[in-house]
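Undergrad: I am attaching a structure below and will ask some questions about it afterwards.
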Amino acid sequence: MELIVDERGSFIGKHQGRLRVTKDNERLREVPIMHLRQVIICGSGVAISSDAVRACSEEGIPIHFISTNGTPQASLYSAGLTGTVLTRRAQLRAYDGPAGVTLARAFTLGKLGNQANLLRYAAKNRKETAPDIYEQLMTAAGEVVDYQIAVERLKGETVDEIRDELMGIEGRYAARYWKAIGALVPSELNWPGRETRGATDPFNQVLNYGYGVLYGQVEHAIVLAGLDPYAGLLHADRPGKPSLVLDLIEEFRQAVVDRPLLGQLTRGWQIGREEDGRLDQPTRERIVTKVLERLESTEPYEGKRQPLRHILQCQARHIATFVRGERENYTPFVMGW
């Protein structure tokens, strides 16, 4: 169970084994702490008591803060989760050796495979109803093979030697992917193509908000696996940049965010916005709900269907065991279609 709070002026407090949300002395909702998986605070103007923070810390419940446009701002965890010294030392050593190359290549291949499979998934029900769109999507999906071969052929002793080429390959296919996705976006949304920060059109705002929700889930999985979320491989180091989160999230953007939110749009969902152009509260709540629901749905993984949330946690743990030398290889997650 998740507690999602985005009402400006609301207060989260602890009351007899529960987290209680109030506003202007009115009780909005109450959740038993023992059933709570996480707290997500969206936007500004929400207060939380130290007792509530302490109770969450003691029970291992993360508290995530995201802005109204979906930008991750902070996450609170129990201090004991960061005391995994041996794993973090191995993670840092991996950067300068072949393990780092393997992981960076795998993250890229995972993203490419998931983008292609989402296009195939979107195409399969349009062969008869929209043959032109079907051909466009399947052609773009088929082109991924050339990009995957290019990734496999890259040679280098360290990540630094191949990063620019990896990012270039990933960027070129991303442009192809988003061009194909454009055929599915309703024309009335006037979608200009993929834009990240500062997007002013509704579909990009929805995607960015969804990625912000997913970001917190990925960071939590990484911390639980004993890894440092700021010591990545594919994404370059920069002060304050959670590089490993940005690495691992590449395997899950399409499965967890693009698929459910694009599906909502094609079923006629009307995106609500405030007068200033930002997503309105009901729309933000719907995005959070759909992303979290998708994490509970299943995908084929290691021989059986498993929830995406479990797959995400397993992938983070596989990174940890791989850098510690307890796993021979690291295989990226690729969704079915």
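Each chain in the structure tokens gets a letter, A, B, ..., in the order shown, and its residues are numbered from 1; ligands are numbered from 1 in order too.
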Write out as a count of residues only the residues lying within 12 Å of A:Gln91, counting only C-alpha atoms and excluding same-chain residues fewer than 2 positions away.
TA: 35
Undergrad: May I have a table of the residues of stretch 33-148 of chain A lying at most 12 Å from stretch 11-23 of chain A, giving each one's closest pair of atoms and their distance in Å to one decimal, counting only C-alpha atoms, ordered by chain and ascending residue number, as CSV?
TA:
residue,atom,partner,partner_atom,distance
A:Ile33,CA,A:Arg18,CA,5.0
A:Met34,CA,A:Gly17,CA,7.7
A:His35,CA,A:Arg18,CA,9.3
A:Leu36,CA,A:Leu19,CA,9.0
A:Gln38,CA,A:Leu19,CA,11.3
A:Val39,CA,A:Leu19,CA,9.7
A:Ile40,CA,A:Ile12,CA,11.2
A:Ile41,CA,A:Ile12,CA,9.8
A:Ser44,CA,A:Phe11,CA,11.5
A:Gly45,CA,A:Phe11,CA,8.9
A:Val46,CA,A:Phe11,CA,5.9
A:Ala47,CA,A:Phe11,CA,4.7
A:Ile48,CA,A:Ile12,CA,4.5
A:Ser49,CA,A:Gly13,CA,5.3
A:Ser50,CA,A:Gly13,CA,8.2
A:Asp51,CA,A:Lys14,CA,6.0
A:Ala52,CA,A:Lys14,CA,4.9
A:Val53,CA,A:Gly13,CA,8.7
A:Arg54,CA,A:Lys14,CA,9.5
A:Ala55,CA,A:Lys14,CA,7.7
A:Cys56,CA,A:Leu19,CA,9.2
A:Glu59,CA,A:Gly17,CA,11.1
A:Ile61,CA,A:Leu19,CA,11.7
A:Ile63,CA,A:Ile12,CA,11.5
Undergrad: Give me the residues near A:Gln281 as an MDAnalysis selection string, where near means some atom within 10 Å (using only C-alpha atoms) and where sequence neighbours in that chain fewer than 4 positions away do not count.
TA: chainID A and resid 6:7 42:43 68 272:274 285:287
Undergrad: Just N, CA, C and O atoms for this one: save the residues we selected as a JSON list (two decimals), in the first residue's frame.
TA:
[["chain", "number", "residue", "atom", "x", "y", "z"],
["A", 6, "ASP", "N", -0.61, 15.00, -2.08],
["A", 6, "ASP", "CA", -0.24, 16.16, -2.90],
["A", 6, "ASP", "C", -1.16, 17.37, -2.67],
["A", 6, "ASP", "O", -1.10, 18.35, -3.40],
["A", 7, "GLU", "N", -1.99, 17.30, -1.62],
["A", 7, "GLU", "CA", -2.85, 18.44, -1.30],
["A", 7, "GLU", "C", -2.05, 19.52, -0.57],
["A", 7, "GLU", "O", -1.50, 19.28, 0.51],
["A", 42, "CYS", "N", 4.00, 14.78, -3.29],
["A", 42, "CYS", "CA", 4.08, 15.46, -4.58],
["A", 42, "CYS", "C", 3.86, 16.96, -4.41],
["A", 42, "CYS", "O", 2.89, 17.38, -3.77],
["A", 43, "GLY", "N", 4.75, 17.75, -4.98],
["A", 43, "GLY", "CA", 4.59, 19.19, -4.95],
["A", 43, "GLY", "C", 5.03, 19.80, -3.64],
["A", 43, "GLY", "O", 5.76, 19.20, -2.85],
["A", 68, "THR", "N", 5.91, 19.16, -8.77],
["A", 68, "THR", "CA", 4.66, 19.08, -9.53],
["A", 68, "THR", "C", 4.90, 18.72, -10.99],
["A", 68, "THR", "O", 3.96, 18.29, -11.68],
["A", 272, "GLY", "N", -5.61, 16.74, -17.81],
["A", 272, "GLY", "CA", -6.03, 18.00, -17.21],
["A", 272, "GLY", "C", -4.83, 18.86, -16.82],
["A", 272, "GLY", "O", -3.83, 18.35, -16.34],
["A", 273, "ARG", "N", -4.98, 20.16, -17.03],
["A", 273, "ARG", "CA", -3.89, 21.09, -16.68],
["A", 273, "ARG", "C", -4.44, 22.33, -15.99],
["A", 273, "ARG", "O", -5.58, 22.76, -16.22],
["A", 274, "GLU", "N", -3.58, 22.92, -15.16],
["A", 274, "GLU", "CA", -3.93, 24.16, -14.47],
["A", 274, "GLU", "C", -3.83, 25.34, -15.45],
["A", 274, "GLU", "O", -3.35, 25.19, -16.58],
["A", 285, "GLU", "N", -2.39, 12.52, -9.85],
["A", 285, "GLU", "CA", -2.78, 11.34, -9.06],
["A", 285, "GLU", "C", -2.98, 10.12, -9.97],
["A", 285, "GLU", "O", -2.59, 9.01, -9.61],
["A", 286, "ARG", "N", -3.54, 10.34, -11.13],
["A", 286, "ARG", "CA", -3.77, 9.23, -12.05],
["A", 286, "ARG", "C", -2.46, 8.66, -12.56],
["A", 286, "ARG", "O", -2.30, 7.44, -12.69],
["A", 287, "ILE", "N", -1.50, 9.52, -12.86],
["A", 287, "ILE", "CA", -0.18, 9.06, -13.32],
["A", 287, "ILE", "C", 0.48, 8.20, -12.25],
["A", 287, "ILE", "O", 0.98, 7.10, -12.54]]
Undergrad: Just give me the gap between atom CA of A:Phe65 and atom CA of A:Val5 in Å, one decimal is fine.
TA: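 Distance reported for this atom pair: 9.8 Å.
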Undergrad: Assign secondary structure with DSSP using the backbone only, and return the residues of stretch 261-316 of chain A in strand (DSSP E or B) as a list in words.
TA: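 Here is the list: Arg273, Leu279, Thr298, Glu299, Pro300, Tyr301, Lys304, Arg305, Gln306 and Pro307 of chain A.
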Undergrad: Just to be explicit: take each residue in the selection above, keep N, CA and C atoms, and write the result as an mmCIF file, in the first residue's frame.
TA:
data_model
loop_
_atom_site.group_PDB
_atom_site.id
_atom_site.type_symbol
_atom_site.label_atom_id
_atom_site.label_comp_id
_atom_site.auth_asym_id
_atom_site.auth_seq_id
_atom_site.Cartn_x
_atom_site.Cartn_y
_atom_site.Cartn_z
ATOM 1 N N ARG A 273 -4.975 20.165 -17.030
ATOM 2 C CA ARG A 273 -3.886 21.089 -16.681
ATOM 3 C C ARG A 273 -4.436 22.334 -15.993
ATOM 4 N N LEU A 279 0.356 20.166 -14.983
ATOM 5 C CA LEU A 279 -0.646 19.112 -14.816
ATOM 6 C C LEU A 279 -1.467 19.366 -13.564
ATOM 7 N N THR A 298 2.645 -8.337 -14.045
ATOM 8 C CA THR A 298 3.711 -9.311 -14.254
ATOM 9 C C THR A 298 4.276 -9.282 -15.672
ATOM 10 N N GLU A 299 5.529 -9.731 -15.775
ATOM 11 C CA GLU A 299 6.231 -9.885 -17.045
ATOM 12 C C GLU A 299 7.037 -11.180 -16.975
ATOM 13 N N PRO A 300 7.321 -11.818 -18.126
ATOM 14 C CA PRO A 300 8.184 -13.005 -18.110
ATOM 15 C C PRO A 300 9.585 -12.647 -17.611
ATOM 16 N N TYR A 301 10.083 -13.439 -16.661
ATOM 17 C CA TYR A 301 11.392 -13.134 -16.075
ATOM 18 C C TYR A 301 11.969 -14.397 -15.444
ATOM 19 N N LYS A 304 9.535 -17.536 -15.467
ATOM 20 C CA LYS A 304 8.141 -17.440 -15.042
ATOM 21 C C LYS A 304 7.702 -15.988 -14.989
ATOM 22 N N ARG A 305 6.421 -15.760 -14.880
ATOM 23 C CA ARG A 305 5.904 -14.390 -14.809
ATOM 24 C C ARG A 305 6.042 -13.872 -13.377
ATOM 25 N N GLN A 306 6.597 -12.678 -13.261
ATOM 26 C CA GLN A 306 6.817 -12.092 -11.948
ATOM 27 C C GLN A 306 6.458 -10.609 -11.976
ATOM 28 N N PRO A 307 6.064 -10.025 -10.831
ATOM 29 C CA PRO A 307 5.727 -8.602 -10.793
ATOM 30 C C PRO A 307 6.919 -7.735 -11.175
#
Undergrad: Within 9 Å of stretch 251-254 of chain A, counting only C-alpha atoms, which residues show up once you throw out same-chain ones fewer than 5 positions away? Write them as a ChimeraX atom specification, please.
TA: /A:107-115,117-118,210-211,214,218,259-260,308,312,332-335
Undergrad: Find, counting only C-alpha atoms, the residue in A:Leu166, A:Ala221, A:Ile149, A:Val257 that gets nearest to A:Lys290.
TA: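 Closest candidate: A:Val257.
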Undergrad: Residues near A:Gly60, anyone? I mean within 7 Å using only C-alpha atoms, not counting same-chain ones fewer than 2 positions away, as an MDAnalysis selection string.
TA: chainID A and resid 56:58 62 77:78
